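This is start_2.cif (mmCIF, N, CA and C atoms).
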```
data_protein
loop_
_atom_site.label_atom_id
_atom_site.label_comp_id
_atom_site.auth_asym_id
_atom_site.auth_seq_id
_atom_site.Cartn_x
_atom_site.Cartn_y
_atom_site.Cartn_z
N MET A 21 41.61 79.65 25.96
CA MET A 21 42.53 79.66 27.08
C MET A 21 41.81 79.59 28.41
N ILE A 22 40.71 80.32 28.56
CA ILE A 22 39.95 80.29 29.80
C ILE A 22 39.36 78.91 30.04
N LEU A 23 38.81 78.30 29.00
CA LEU A 23 38.25 76.96 29.14
C LEU A 23 39.31 75.97 29.60
N PHE A 24 40.51 76.06 29.04
CA PHE A 24 41.60 75.17 29.44
C PHE A 24 41.91 75.33 30.93
N ALA A 25 41.95 76.56 31.39
CA ALA A 25 42.22 76.82 32.80
C ALA A 25 41.12 76.22 33.67
N LEU A 26 39.87 76.34 33.26
CA LEU A 26 38.76 75.79 34.01
C LEU A 26 38.84 74.27 34.06
N VAL A 27 39.13 73.63 32.96
CA VAL A 27 39.26 72.17 32.91
C VAL A 27 40.41 71.72 33.80
N THR A 28 41.53 72.44 33.78
CA THR A 28 42.68 72.09 34.62
C THR A 28 42.31 72.16 36.09
N ILE A 29 41.60 73.21 36.49
CA ILE A 29 41.20 73.36 37.88
C ILE A 29 40.27 72.22 38.29
N LEU A 30 39.24 71.97 37.49
CA LEU A 30 38.24 70.97 37.87
C LEU A 30 38.76 69.54 37.81
N SER A 31 39.76 69.28 36.98
CA SER A 31 40.27 67.92 36.88
C SER A 31 41.01 67.48 38.14
N GLN A 32 41.29 68.41 39.04
CA GLN A 32 41.98 68.09 40.29
C GLN A 32 41.03 67.62 41.38
N TRP A 33 39.73 67.70 41.17
CA TRP A 33 38.74 67.41 42.20
C TRP A 33 38.16 66.02 42.04
N LEU A 34 38.14 65.28 43.13
CA LEU A 34 37.74 63.87 43.11
C LEU A 34 36.82 63.56 44.28
N ALA A 35 36.06 62.50 44.15
CA ALA A 35 35.22 62.04 45.26
C ALA A 35 36.12 61.53 46.38
N PRO A 36 35.71 61.73 47.64
CA PRO A 36 36.53 61.29 48.78
C PRO A 36 36.59 59.77 48.93
N ILE A 37 35.57 59.10 48.43
CA ILE A 37 35.52 57.63 48.42
C ILE A 37 35.02 57.25 47.03
N PRO A 38 35.93 56.95 46.11
CA PRO A 38 35.52 56.68 44.73
C PRO A 38 34.44 55.60 44.64
N GLY A 39 33.38 55.91 43.90
CA GLY A 39 32.30 54.95 43.68
C GLY A 39 31.30 54.82 44.80
N ALA A 40 31.48 55.56 45.91
CA ALA A 40 30.56 55.44 47.04
C ALA A 40 29.20 56.04 46.69
N GLU A 41 28.16 55.38 47.14
CA GLU A 41 26.79 55.86 46.94
C GLU A 41 26.54 57.11 47.78
N VAL A 42 25.82 58.06 47.23
CA VAL A 42 25.40 59.23 47.99
C VAL A 42 24.14 58.86 48.75
N LEU A 43 24.20 58.94 50.08
CA LEU A 43 23.05 58.59 50.92
C LEU A 43 22.14 59.79 51.16
N LEU A 44 22.74 60.97 51.27
CA LEU A 44 21.96 62.17 51.55
C LEU A 44 22.62 63.34 50.83
N ASP A 45 21.85 64.00 49.96
CA ASP A 45 22.36 65.12 49.18
C ASP A 45 22.44 66.40 50.00
N PHE A 46 23.12 67.37 49.43
CA PHE A 46 23.22 68.72 49.97
C PHE A 46 21.83 69.35 49.94
N ALA A 47 21.43 69.96 51.06
CA ALA A 47 20.14 70.65 51.14
C ALA A 47 20.37 71.92 51.95
N PRO A 48 20.70 73.02 51.27
CA PRO A 48 21.04 74.25 52.00
C PRO A 48 19.88 74.76 52.84
N ALA A 49 20.22 75.35 53.96
CA ALA A 49 19.21 75.95 54.83
C ALA A 49 18.67 77.22 54.19
N GLN A 50 17.41 77.51 54.42
CA GLN A 50 16.80 78.74 53.88
C GLN A 50 17.38 79.98 54.58
N GLN A 51 17.69 79.83 55.85
CA GLN A 51 18.32 80.89 56.64
C GLN A 51 19.55 80.28 57.32
N ARG A 52 20.52 81.08 57.68
CA ARG A 52 21.75 80.57 58.29
C ARG A 52 21.48 79.73 59.54
N TRP A 53 20.43 80.06 60.27
CA TRP A 53 20.13 79.38 61.53
C TRP A 53 19.12 78.24 61.39
N SER A 54 18.54 78.06 60.21
CA SER A 54 17.49 77.06 60.06
C SER A 54 18.05 75.69 59.66
N ALA A 55 17.17 74.70 59.70
CA ALA A 55 17.56 73.32 59.40
C ALA A 55 17.96 73.17 57.94
N GLY A 56 18.82 72.21 57.69
CA GLY A 56 19.26 71.87 56.34
C GLY A 56 20.33 70.79 56.46
N HIS A 57 20.82 70.34 55.34
CA HIS A 57 21.94 69.39 55.34
C HIS A 57 23.09 70.06 54.62
N ARG A 58 24.06 70.53 55.38
CA ARG A 58 25.13 71.37 54.87
C ARG A 58 26.32 70.55 54.39
N GLY A 59 26.02 69.57 53.57
CA GLY A 59 27.06 68.71 53.02
C GLY A 59 26.43 67.54 52.29
N VAL A 60 27.23 66.52 52.06
CA VAL A 60 26.79 65.31 51.37
C VAL A 60 27.25 64.11 52.20
N ASP A 61 26.39 63.11 52.35
CA ASP A 61 26.75 61.88 53.05
C ASP A 61 26.99 60.77 52.03
N PHE A 62 28.17 60.14 52.13
CA PHE A 62 28.53 59.02 51.27
C PHE A 62 28.50 57.74 52.08
N ALA A 63 27.99 56.66 51.49
CA ALA A 63 27.98 55.36 52.16
C ALA A 63 29.42 54.93 52.43
N ALA A 64 29.69 54.56 53.68
CA ALA A 64 31.04 54.12 54.07
C ALA A 64 30.98 53.45 55.43
N GLU A 65 31.61 52.32 55.54
CA GLU A 65 31.68 51.60 56.81
C GLU A 65 32.91 52.03 57.59
N THR A 66 32.88 51.75 58.89
CA THR A 66 34.05 52.03 59.74
C THR A 66 35.29 51.42 59.10
N GLY A 67 36.37 52.20 59.05
CA GLY A 67 37.63 51.74 58.50
C GLY A 67 37.84 52.06 57.03
N THR A 68 36.80 52.52 56.31
CA THR A 68 36.92 52.87 54.90
C THR A 68 37.90 54.03 54.73
N SER A 69 38.80 53.93 53.76
CA SER A 69 39.77 54.99 53.48
C SER A 69 39.07 56.21 52.89
N VAL A 70 39.55 57.40 53.28
CA VAL A 70 39.00 58.67 52.81
C VAL A 70 40.14 59.50 52.21
N ALA A 71 39.88 60.08 51.04
CA ALA A 71 40.88 60.88 50.34
C ALA A 71 40.47 62.35 50.30
N ALA A 72 41.45 63.23 50.16
CA ALA A 72 41.19 64.66 49.97
C ALA A 72 40.49 64.85 48.63
N ILE A 73 39.52 65.74 48.58
CA ILE A 73 38.78 65.96 47.33
C ILE A 73 39.55 66.84 46.36
N GLY A 74 40.57 67.53 46.85
CA GLY A 74 41.36 68.39 45.98
C GLY A 74 42.60 68.89 46.68
N PRO A 75 43.44 69.62 45.97
CA PRO A 75 44.69 70.10 46.56
C PRO A 75 44.44 71.18 47.60
N GLY A 76 45.25 71.16 48.66
CA GLY A 76 45.10 72.17 49.70
C GLY A 76 46.00 71.91 50.88
N THR A 77 45.70 72.59 51.97
CA THR A 77 46.48 72.48 53.20
C THR A 77 45.55 72.10 54.34
N VAL A 78 45.95 71.10 55.12
CA VAL A 78 45.17 70.68 56.28
C VAL A 78 45.23 71.80 57.31
N VAL A 79 44.05 72.29 57.74
CA VAL A 79 44.00 73.36 58.73
C VAL A 79 43.49 72.87 60.08
N PHE A 80 42.86 71.68 60.10
CA PHE A 80 42.40 71.10 61.35
C PHE A 80 42.35 69.59 61.22
N ALA A 81 42.80 68.92 62.27
CA ALA A 81 42.68 67.46 62.37
C ALA A 81 42.57 67.17 63.86
N GLY A 82 41.35 66.95 64.32
CA GLY A 82 41.13 66.74 65.75
C GLY A 82 39.70 66.37 66.03
N ILE A 83 39.32 66.57 67.28
CA ILE A 83 37.99 66.18 67.76
C ILE A 83 37.11 67.41 67.93
N ILE A 84 35.89 67.34 67.39
CA ILE A 84 34.87 68.37 67.59
C ILE A 84 33.59 67.65 68.02
N ALA A 85 33.07 68.03 69.17
CA ALA A 85 31.85 67.44 69.71
C ALA A 85 31.93 65.91 69.75
N GLY A 86 33.10 65.39 70.12
CA GLY A 86 33.29 63.95 70.26
C GLY A 86 33.53 63.20 68.97
N LYS A 87 33.62 63.91 67.83
CA LYS A 87 33.84 63.26 66.54
C LYS A 87 35.16 63.71 65.93
N PRO A 88 35.92 62.77 65.34
CA PRO A 88 37.14 63.18 64.65
C PRO A 88 36.82 63.85 63.32
N VAL A 89 37.45 65.01 63.10
CA VAL A 89 37.17 65.85 61.94
C VAL A 89 38.48 66.30 61.30
N ILE A 90 38.47 66.38 59.97
CA ILE A 90 39.60 66.93 59.22
C ILE A 90 39.06 68.05 58.34
N SER A 91 39.75 69.19 58.33
CA SER A 91 39.38 70.30 57.45
C SER A 91 40.58 70.68 56.59
N ILE A 92 40.31 70.92 55.31
CA ILE A 92 41.35 71.27 54.34
C ILE A 92 40.96 72.56 53.63
N GLU A 93 41.89 73.54 53.65
CA GLU A 93 41.70 74.79 52.90
C GLU A 93 42.13 74.56 51.46
N HIS A 94 41.29 75.01 50.53
CA HIS A 94 41.58 74.91 49.09
C HIS A 94 41.67 76.34 48.55
N PRO A 95 42.84 76.98 48.68
CA PRO A 95 42.96 78.40 48.32
C PRO A 95 42.67 78.69 46.86
N GLU A 96 42.87 77.73 46.00
CA GLU A 96 42.63 77.94 44.57
C GLU A 96 41.18 78.36 44.30
N LEU A 97 40.25 77.80 45.10
CA LEU A 97 38.84 78.13 44.94
C LEU A 97 38.27 78.92 46.12
N GLY A 98 39.10 79.17 47.13
CA GLY A 98 38.63 79.91 48.29
C GLY A 98 37.62 79.14 49.12
N LEU A 99 37.79 77.81 49.19
CA LEU A 99 36.84 76.95 49.90
C LEU A 99 37.55 76.09 50.93
N ARG A 100 36.76 75.55 51.87
CA ARG A 100 37.28 74.63 52.89
C ARG A 100 36.40 73.38 52.89
N SER A 101 37.04 72.21 52.77
CA SER A 101 36.30 70.95 52.85
C SER A 101 36.48 70.36 54.25
N THR A 102 35.43 69.72 54.76
CA THR A 102 35.45 69.12 56.08
C THR A 102 34.92 67.70 55.99
N TYR A 103 35.62 66.78 56.65
CA TYR A 103 35.33 65.35 56.57
C TYR A 103 35.09 64.84 57.99
N GLU A 104 33.94 64.15 58.20
CA GLU A 104 33.69 63.56 59.51
C GLU A 104 32.80 62.33 59.40
N PRO A 105 32.91 61.37 60.23
CA PRO A 105 33.92 61.17 61.26
C PRO A 105 35.15 60.49 60.65
N VAL A 106 36.26 61.17 60.61
CA VAL A 106 37.48 60.63 59.98
C VAL A 106 38.65 60.76 60.93
N THR A 107 39.25 59.61 61.25
CA THR A 107 40.49 59.59 62.01
C THR A 107 41.62 59.83 61.03
N GLY A 108 42.37 60.91 61.23
CA GLY A 108 43.34 61.35 60.25
C GLY A 108 44.71 60.71 60.31
N VAL A 109 45.33 60.69 59.14
CA VAL A 109 46.75 60.34 59.02
C VAL A 109 47.52 61.59 58.59
N VAL A 110 46.84 62.74 58.63
CA VAL A 110 47.44 64.03 58.29
C VAL A 110 47.38 64.94 59.51
N ARG A 111 48.19 66.00 59.46
CA ARG A 111 48.24 66.97 60.56
C ARG A 111 48.07 68.37 60.00
N PRO A 112 47.65 69.32 60.84
CA PRO A 112 47.57 70.70 60.38
C PRO A 112 48.92 71.15 59.80
N GLY A 113 48.84 71.81 58.65
CA GLY A 113 50.04 72.26 57.96
C GLY A 113 50.45 71.35 56.81
N ASP A 114 49.97 70.10 56.82
CA ASP A 114 50.31 69.18 55.73
C ASP A 114 49.67 69.67 54.43
N VAL A 115 50.43 69.64 53.35
CA VAL A 115 49.91 69.96 52.03
C VAL A 115 49.50 68.65 51.38
N VAL A 116 48.26 68.60 50.85
CA VAL A 116 47.74 67.38 50.24
C VAL A 116 47.33 67.64 48.80
N ARG A 117 47.24 66.58 48.05
CA ARG A 117 46.76 66.67 46.67
C ARG A 117 45.42 65.92 46.59
N GLY A 118 44.66 66.19 45.55
CA GLY A 118 43.41 65.49 45.36
C GLY A 118 43.64 64.00 45.21
N GLY A 119 42.87 63.21 45.94
CA GLY A 119 43.00 61.76 45.89
C GLY A 119 43.96 61.19 46.92
N GLN A 120 44.66 62.06 47.65
CA GLN A 120 45.61 61.58 48.66
C GLN A 120 44.87 61.11 49.90
N LEU A 121 45.28 59.97 50.47
CA LEU A 121 44.70 59.43 51.70
C LEU A 121 44.87 60.43 52.83
N ILE A 122 43.76 60.75 53.52
CA ILE A 122 43.84 61.64 54.68
C ILE A 122 43.42 60.95 55.97
N GLY A 123 42.76 59.79 55.86
CA GLY A 123 42.33 59.07 57.05
C GLY A 123 41.33 57.99 56.72
N SER A 124 40.62 57.53 57.77
CA SER A 124 39.62 56.48 57.59
C SER A 124 38.40 56.77 58.47
N ILE A 125 37.27 56.20 58.08
CA ILE A 125 36.02 56.39 58.82
C ILE A 125 36.16 55.82 60.22
N ALA A 126 35.82 56.65 61.21
CA ALA A 126 35.90 56.27 62.62
C ALA A 126 34.56 55.73 63.09
N ARG A 127 34.59 54.96 64.15
CA ARG A 127 33.38 54.44 64.77
C ARG A 127 32.95 55.43 65.86
N VAL A 128 31.88 56.16 65.57
CA VAL A 128 31.34 57.14 66.53
C VAL A 128 29.83 57.22 66.35
N GLY A 129 29.18 57.95 67.23
CA GLY A 129 27.75 58.17 67.11
C GLY A 129 27.45 59.30 66.14
N GLY A 130 26.22 59.75 66.14
CA GLY A 130 25.82 60.83 65.26
C GLY A 130 25.06 60.31 64.05
N HIS A 131 24.69 61.20 63.16
CA HIS A 131 23.85 60.78 62.03
C HIS A 131 24.59 59.90 61.05
N CYS A 132 25.91 59.88 61.10
CA CYS A 132 26.68 59.03 60.19
C CYS A 132 27.21 57.76 60.88
N ALA A 133 26.74 57.48 62.07
CA ALA A 133 27.26 56.37 62.87
C ALA A 133 27.40 55.07 62.08
N ASP A 134 28.64 54.66 61.88
CA ASP A 134 28.98 53.37 61.26
C ASP A 134 28.37 53.15 59.87
N ARG A 135 28.01 54.23 59.17
CA ARG A 135 27.41 54.01 57.87
C ARG A 135 27.79 55.03 56.81
N CYS A 136 28.46 56.15 57.20
CA CYS A 136 28.72 57.14 56.17
C CYS A 136 29.85 58.11 56.50
N LEU A 137 30.24 58.83 55.47
CA LEU A 137 31.16 59.97 55.56
C LEU A 137 30.34 61.21 55.28
N HIS A 138 30.42 62.20 56.16
CA HIS A 138 29.80 63.50 55.90
C HIS A 138 30.89 64.42 55.36
N LEU A 139 30.67 64.95 54.16
CA LEU A 139 31.60 65.88 53.53
C LEU A 139 30.92 67.24 53.41
N GLY A 140 31.52 68.25 54.04
CA GLY A 140 31.01 69.61 53.93
C GLY A 140 31.95 70.45 53.10
N LEU A 141 31.42 71.50 52.48
CA LEU A 141 32.23 72.43 51.69
C LEU A 141 31.71 73.82 51.98
N LYS A 142 32.61 74.71 52.40
CA LYS A 142 32.19 76.04 52.84
C LYS A 142 33.09 77.12 52.26
N ASP A 143 32.49 78.25 51.95
CA ASP A 143 33.22 79.46 51.60
C ASP A 143 33.37 80.23 52.90
N PRO A 144 34.54 80.13 53.56
CA PRO A 144 34.68 80.75 54.88
C PRO A 144 34.62 82.27 54.87
N ARG A 145 34.92 82.89 53.74
CA ARG A 145 34.87 84.36 53.65
C ARG A 145 33.44 84.87 53.78
N HIS A 146 32.50 84.13 53.22
CA HIS A 146 31.10 84.58 53.21
C HIS A 146 30.20 83.73 54.11
N GLY A 147 30.77 82.70 54.72
CA GLY A 147 29.99 81.86 55.63
C GLY A 147 28.94 81.01 54.94
N GLN A 148 29.12 80.75 53.65
CA GLN A 148 28.11 79.99 52.90
C GLN A 148 28.60 78.58 52.60
N TYR A 149 27.69 77.63 52.75
CA TYR A 149 27.99 76.24 52.40
C TYR A 149 27.72 76.03 50.93
N ARG A 150 28.49 75.14 50.32
CA ARG A 150 28.36 74.82 48.90
C ARG A 150 28.12 73.32 48.75
N ASP A 151 27.62 72.93 47.59
CA ASP A 151 27.40 71.51 47.30
C ASP A 151 28.73 70.91 46.84
N PRO A 152 29.32 70.00 47.62
CA PRO A 152 30.61 69.41 47.23
C PRO A 152 30.54 68.66 45.90
N LEU A 153 29.39 68.07 45.56
CA LEU A 153 29.28 67.32 44.32
C LEU A 153 29.52 68.19 43.09
N ALA A 154 29.31 69.48 43.22
CA ALA A 154 29.49 70.39 42.09
C ALA A 154 30.94 70.44 41.61
N LEU A 155 31.88 70.00 42.43
CA LEU A 155 33.29 70.06 42.05
C LEU A 155 33.72 68.94 41.10
N TRP A 156 33.04 67.82 41.13
CA TRP A 156 33.49 66.71 40.26
C TRP A 156 32.36 65.99 39.54
N ASP A 157 31.13 66.22 39.91
CA ASP A 157 30.01 65.53 39.29
C ASP A 157 29.65 66.23 37.98
N SER A 158 29.61 65.51 36.88
CA SER A 158 29.38 66.10 35.57
C SER A 158 27.96 66.65 35.39
N ARG A 159 27.07 66.39 36.35
CA ARG A 159 25.72 66.94 36.27
C ARG A 159 25.69 68.43 36.58
N TYR A 160 26.78 68.94 37.12
CA TYR A 160 26.84 70.32 37.55
C TYR A 160 27.79 71.12 36.68
N ALA A 161 27.49 72.40 36.52
CA ALA A 161 28.41 73.33 35.87
C ALA A 161 29.02 74.19 36.97
N VAL A 162 30.33 74.33 36.97
CA VAL A 162 31.01 75.13 37.97
C VAL A 162 31.74 76.25 37.25
N LEU A 163 31.42 77.48 37.60
CA LEU A 163 32.08 78.62 37.01
C LEU A 163 32.85 79.37 38.08
N LYS A 164 34.06 79.73 37.78
CA LYS A 164 34.89 80.51 38.68
C LYS A 164 35.00 81.91 38.11
N PRO A 165 34.66 82.94 38.88
CA PRO A 165 34.74 84.29 38.35
C PRO A 165 36.18 84.67 38.04
N LEU A 166 36.32 85.49 37.02
CA LEU A 166 37.65 85.94 36.62
C LEU A 166 38.20 87.01 37.55
N SER A 167 37.32 87.70 38.28
CA SER A 167 37.76 88.72 39.22
C SER A 167 36.74 88.82 40.34
N ASP A 168 37.15 89.49 41.43
CA ASP A 168 36.22 89.71 42.54
C ASP A 168 35.26 90.77 42.12
#
```

Mind converting the file's structure to structure tokens?
Amino acid sequence: MILFALVTILSQWLAPIPGAEVLLDFAPAQQRWSAGHRGVDFAAETGTSVAAIGPGTVVFAGIIAGKPVISIEHPELGLRSTYEPVTGVVRPGDVVRGGQLIGSIARVGGHCADRCLHLGLKDPRHGQYRDPLALWDSRYAVLKPLSD
């Protein structure tokens, strides 16, 4: 029964751009303030469609530091996914499902300028970043605790 529940949860998680090459993997910082890559970069040109990685509620869709950003809360796992630079077709409060279109890659500067999607995944309760690939990539094992 537990295995079935785990498979059901994980089957809802999908890549934001199916088949896109990973340009830069997750590289957690050794300390909260030190350098690292707190997400995954997927190859994507301006205008490429971007989908939600899983079910949740849009909590932010706007501009941060000159870049369009979308953030989605995934209460089932207690995580928040963030997509940039993405011009959204969703608004805060919208409920989305995994694979649903949320926007497209915008033309802006930064490390992803005209070449990629940066996807971040964070546990907002503990302030820790997670590897987004762990949610759908079969190379990873994902375990959800049965209790706090």

Original post:
Quick one: distance from atom C of Pro95 in chain A to atom C of Pro144 in chain A in Å, one decimal?
Top reply: 11.9 Å

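Interatomic distance, atom N of Leu121 in chain A against atom N of Leu43 in chain A: 21.1 Å.
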
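For the structure shown here, the set of residues caught by the PyMOL selection byres ((chain A and resi 35) around 7) is Trp33, Leu34, Pro36, Ile37, Pro38, Gly39, Ala71, Ala72, Ile73, Gly119 and Trp156 of chain A.
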
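The closest residue to Arg145 in chain A, picked from A:Val42, A:Leu97, A:Ile90, A:Val78 and counting only C-alpha atoms, is A:Leu97.
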
Original post:
Could you spell out the hits of the PyMOL selection byres ((chain A and resi 63) around 6) on the shown file, as a ChimeraX atom specification?
Top reply: /A:40-43,61-62,64-65,135-137

**OP:** Return the single residue from A:Leu141, A:Val60, A:Val116, A:Val79 that is closest to Leu99 in chain A, with distances computed using all atoms listed in the file.
**Re:** A:Leu141

Subject >> Residues in the PyMOL selection byres (((chain A and resi 139 and name CA) around 6) and name CA), expressed as a ChimeraX atom specification >> reply: /A:59-60,102-103,138,140

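Proximity to Gly74 in chain A was assessed for A:Leu44, A:Gly147, A:Lys87, A:Gln120 counting only C-alpha atoms; the smallest distance is recorded for A:Gln120.
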
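Distance-wise, atom C of Thr107 in chain A and atom C of Ser124 in chain A end up 5.1 Å apart.
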
Subject >> Selection near Pro88 in chain A, 8 Å with all atoms listed in the file, sequence-local residues under 4 positions removed, as a VMD selection string >> reply: chain A and resid 81 to 84 103 to 108 126 to 128

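Using only C-alpha atoms, the shortest contact distance between Asp114 in chain A and any of A:Val89, A:Phe80, A:Phe46, A:Asp151 is found at A:Phe80.
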
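Residue-level DSSP output for range 70-115 of chain A, from the backbone, shows strand (DSSP E or B) at Val70, Ala71, Gly76, Thr77, Val78, Val79, Phe80, Ala81, Gly82, Ile83, Ile84, Lys87, Pro88, Val89, Ile90, Ser91, Ile92, Glu93, His94, Leu99, Arg100, Ser101, Thr102, Tyr103, Glu104, Val106, Thr107, Gly108 and Val115 of chain A.
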
Atoms to include: N, CA and C atoms. Write the selected residues as an mmCIF file, in the coordinates of the input.
```
data_model
loop_
_atom_site.group_PDB
_atom_site.id
_atom_site.type_symbol
_atom_site.label_atom_id
_atom_site.label_comp_id
_atom_site.auth_asym_id
_atom_site.auth_seq_id
_atom_site.Cartn_x
_atom_site.Cartn_y
_atom_site.Cartn_z
ATOM 1 N N VAL A 70 39.550 57.400 53.280
ATOM 2 C CA VAL A 70 39.000 58.670 52.810
ATOM 3 C C VAL A 70 40.140 59.500 52.210
ATOM 4 N N ALA A 71 39.880 60.080 51.040
ATOM 5 C CA ALA A 71 40.880 60.880 50.340
ATOM 6 C C ALA A 71 40.470 62.350 50.300
ATOM 7 N N GLY A 76 45.250 71.160 48.660
ATOM 8 C CA GLY A 76 45.100 72.170 49.700
ATOM 9 C C GLY A 76 46.000 71.910 50.880
ATOM 10 N N THR A 77 45.700 72.590 51.970
ATOM 11 C CA THR A 77 46.480 72.480 53.200
ATOM 12 C C THR A 77 45.550 72.100 54.340
ATOM 13 N N VAL A 78 45.950 71.100 55.120
ATOM 14 C CA VAL A 78 45.170 70.680 56.280
ATOM 15 C C VAL A 78 45.230 71.800 57.310
ATOM 16 N N VAL A 79 44.050 72.290 57.740
ATOM 17 C CA VAL A 79 44.000 73.360 58.730
ATOM 18 C C VAL A 79 43.490 72.870 60.080
ATOM 19 N N PHE A 80 42.860 71.680 60.100
ATOM 20 C CA PHE A 80 42.400 71.100 61.350
ATOM 21 C C PHE A 80 42.350 69.590 61.220
ATOM 22 N N ALA A 81 42.800 68.920 62.270
ATOM 23 C CA ALA A 81 42.680 67.460 62.370
ATOM 24 C C ALA A 81 42.570 67.170 63.860
ATOM 25 N N GLY A 82 41.350 66.950 64.320
ATOM 26 C CA GLY A 82 41.130 66.740 65.750
ATOM 27 C C GLY A 82 39.700 66.370 66.030
ATOM 28 N N ILE A 83 39.320 66.570 67.280
ATOM 29 C CA ILE A 83 37.990 66.180 67.760
ATOM 30 C C ILE A 83 37.110 67.410 67.930
ATOM 31 N N ILE A 84 35.890 67.340 67.390
ATOM 32 C CA ILE A 84 34.870 68.370 67.590
ATOM 33 C C ILE A 84 33.590 67.650 68.020
ATOM 34 N N LYS A 87 33.620 63.910 67.830
ATOM 35 C CA LYS A 87 33.840 63.260 66.540
ATOM 36 C C LYS A 87 35.160 63.710 65.930
ATOM 37 N N PRO A 88 35.920 62.770 65.340
ATOM 38 C CA PRO A 88 37.140 63.180 64.650
ATOM 39 C C PRO A 88 36.820 63.850 63.320
ATOM 40 N N VAL A 89 37.450 65.010 63.100
ATOM 41 C CA VAL A 89 37.170 65.850 61.940
ATOM 42 C C VAL A 89 38.480 66.300 61.300
ATOM 43 N N ILE A 90 38.470 66.380 59.970
ATOM 44 C CA ILE A 90 39.600 66.930 59.220
ATOM 45 C C ILE A 90 39.060 68.050 58.340
ATOM 46 N N SER A 91 39.750 69.190 58.330
ATOM 47 C CA SER A 91 39.380 70.300 57.450
ATOM 48 C C SER A 91 40.580 70.680 56.590
ATOM 49 N N ILE A 92 40.310 70.920 55.310
ATOM 50 C CA ILE A 92 41.350 71.270 54.340
ATOM 51 C C ILE A 92 40.960 72.560 53.630
ATOM 52 N N GLU A 93 41.890 73.540 53.650
ATOM 53 C CA GLU A 93 41.700 74.790 52.900
ATOM 54 C C GLU A 93 42.130 74.560 51.460
ATOM 55 N N HIS A 94 41.290 75.010 50.530
ATOM 56 C CA HIS A 94 41.580 74.910 49.090
ATOM 57 C C HIS A 94 41.670 76.340 48.550
ATOM 58 N N LEU A 99 37.790 77.810 49.190
ATOM 59 C CA LEU A 99 36.840 76.950 49.900
ATOM 60 C C LEU A 99 37.550 76.090 50.930
ATOM 61 N N ARG A 100 36.760 75.550 51.870
ATOM 62 C CA ARG A 100 37.280 74.630 52.890
ATOM 63 C C ARG A 100 36.400 73.380 52.890
ATOM 64 N N SER A 101 37.040 72.210 52.770
ATOM 65 C CA SER A 101 36.300 70.950 52.850
ATOM 66 C C SER A 101 36.480 70.360 54.250
ATOM 67 N N THR A 102 35.430 69.720 54.760
ATOM 68 C CA THR A 102 35.450 69.120 56.080
ATOM 69 C C THR A 102 34.920 67.700 55.990
ATOM 70 N N TYR A 103 35.620 66.780 56.650
ATOM 71 C CA TYR A 103 35.330 65.350 56.570
ATOM 72 C C TYR A 103 35.090 64.840 57.990
ATOM 73 N N GLU A 104 33.940 64.150 58.200
ATOM 74 C CA GLU A 104 33.690 63.560 59.510
ATOM 75 C C GLU A 104 32.800 62.330 59.400
ATOM 76 N N VAL A 106 36.260 61.170 60.610
ATOM 77 C CA VAL A 106 37.480 60.630 59.980
ATOM 78 C C VAL A 106 38.650 60.760 60.930
ATOM 79 N N THR A 107 39.250 59.610 61.250
ATOM 80 C CA THR A 107 40.490 59.590 62.010
ATOM 81 C C THR A 107 41.620 59.830 61.030
ATOM 82 N N GLY A 108 42.370 60.910 61.230
ATOM 83 C CA GLY A 108 43.340 61.350 60.250
ATOM 84 C C GLY A 108 44.710 60.710 60.310
ATOM 85 N N VAL A 115 50.430 69.640 53.350
ATOM 86 C CA VAL A 115 49.910 69.960 52.030
ATOM 87 C C VAL A 115 49.500 68.650 51.380
#
```

**OP:** Extract, using only C-alpha atoms, all DNA, RNA and protein residues at most 7 Å from Gly76 in chain A, discarding same-chain residues fewer than 4 positions from it, and format them as JSON, numbers by chain.
**Re:** {"A": [92, 93, 94, 95, 115, 116, 117]}

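Counting all atoms listed in the file and comparing A:Gln32, A:Gly123, A:Pro48, A:Pro152, the residue that lies closest to Pro75 in chain A is A:Gln32.
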
Original post:
When distances are computed from all atoms listed in the file, which of A:Asp143, A:Gly86, A:Thr77, A:Ile125 shows the smallest separation from Arg100 in chain A?
Top reply: A:Asp143
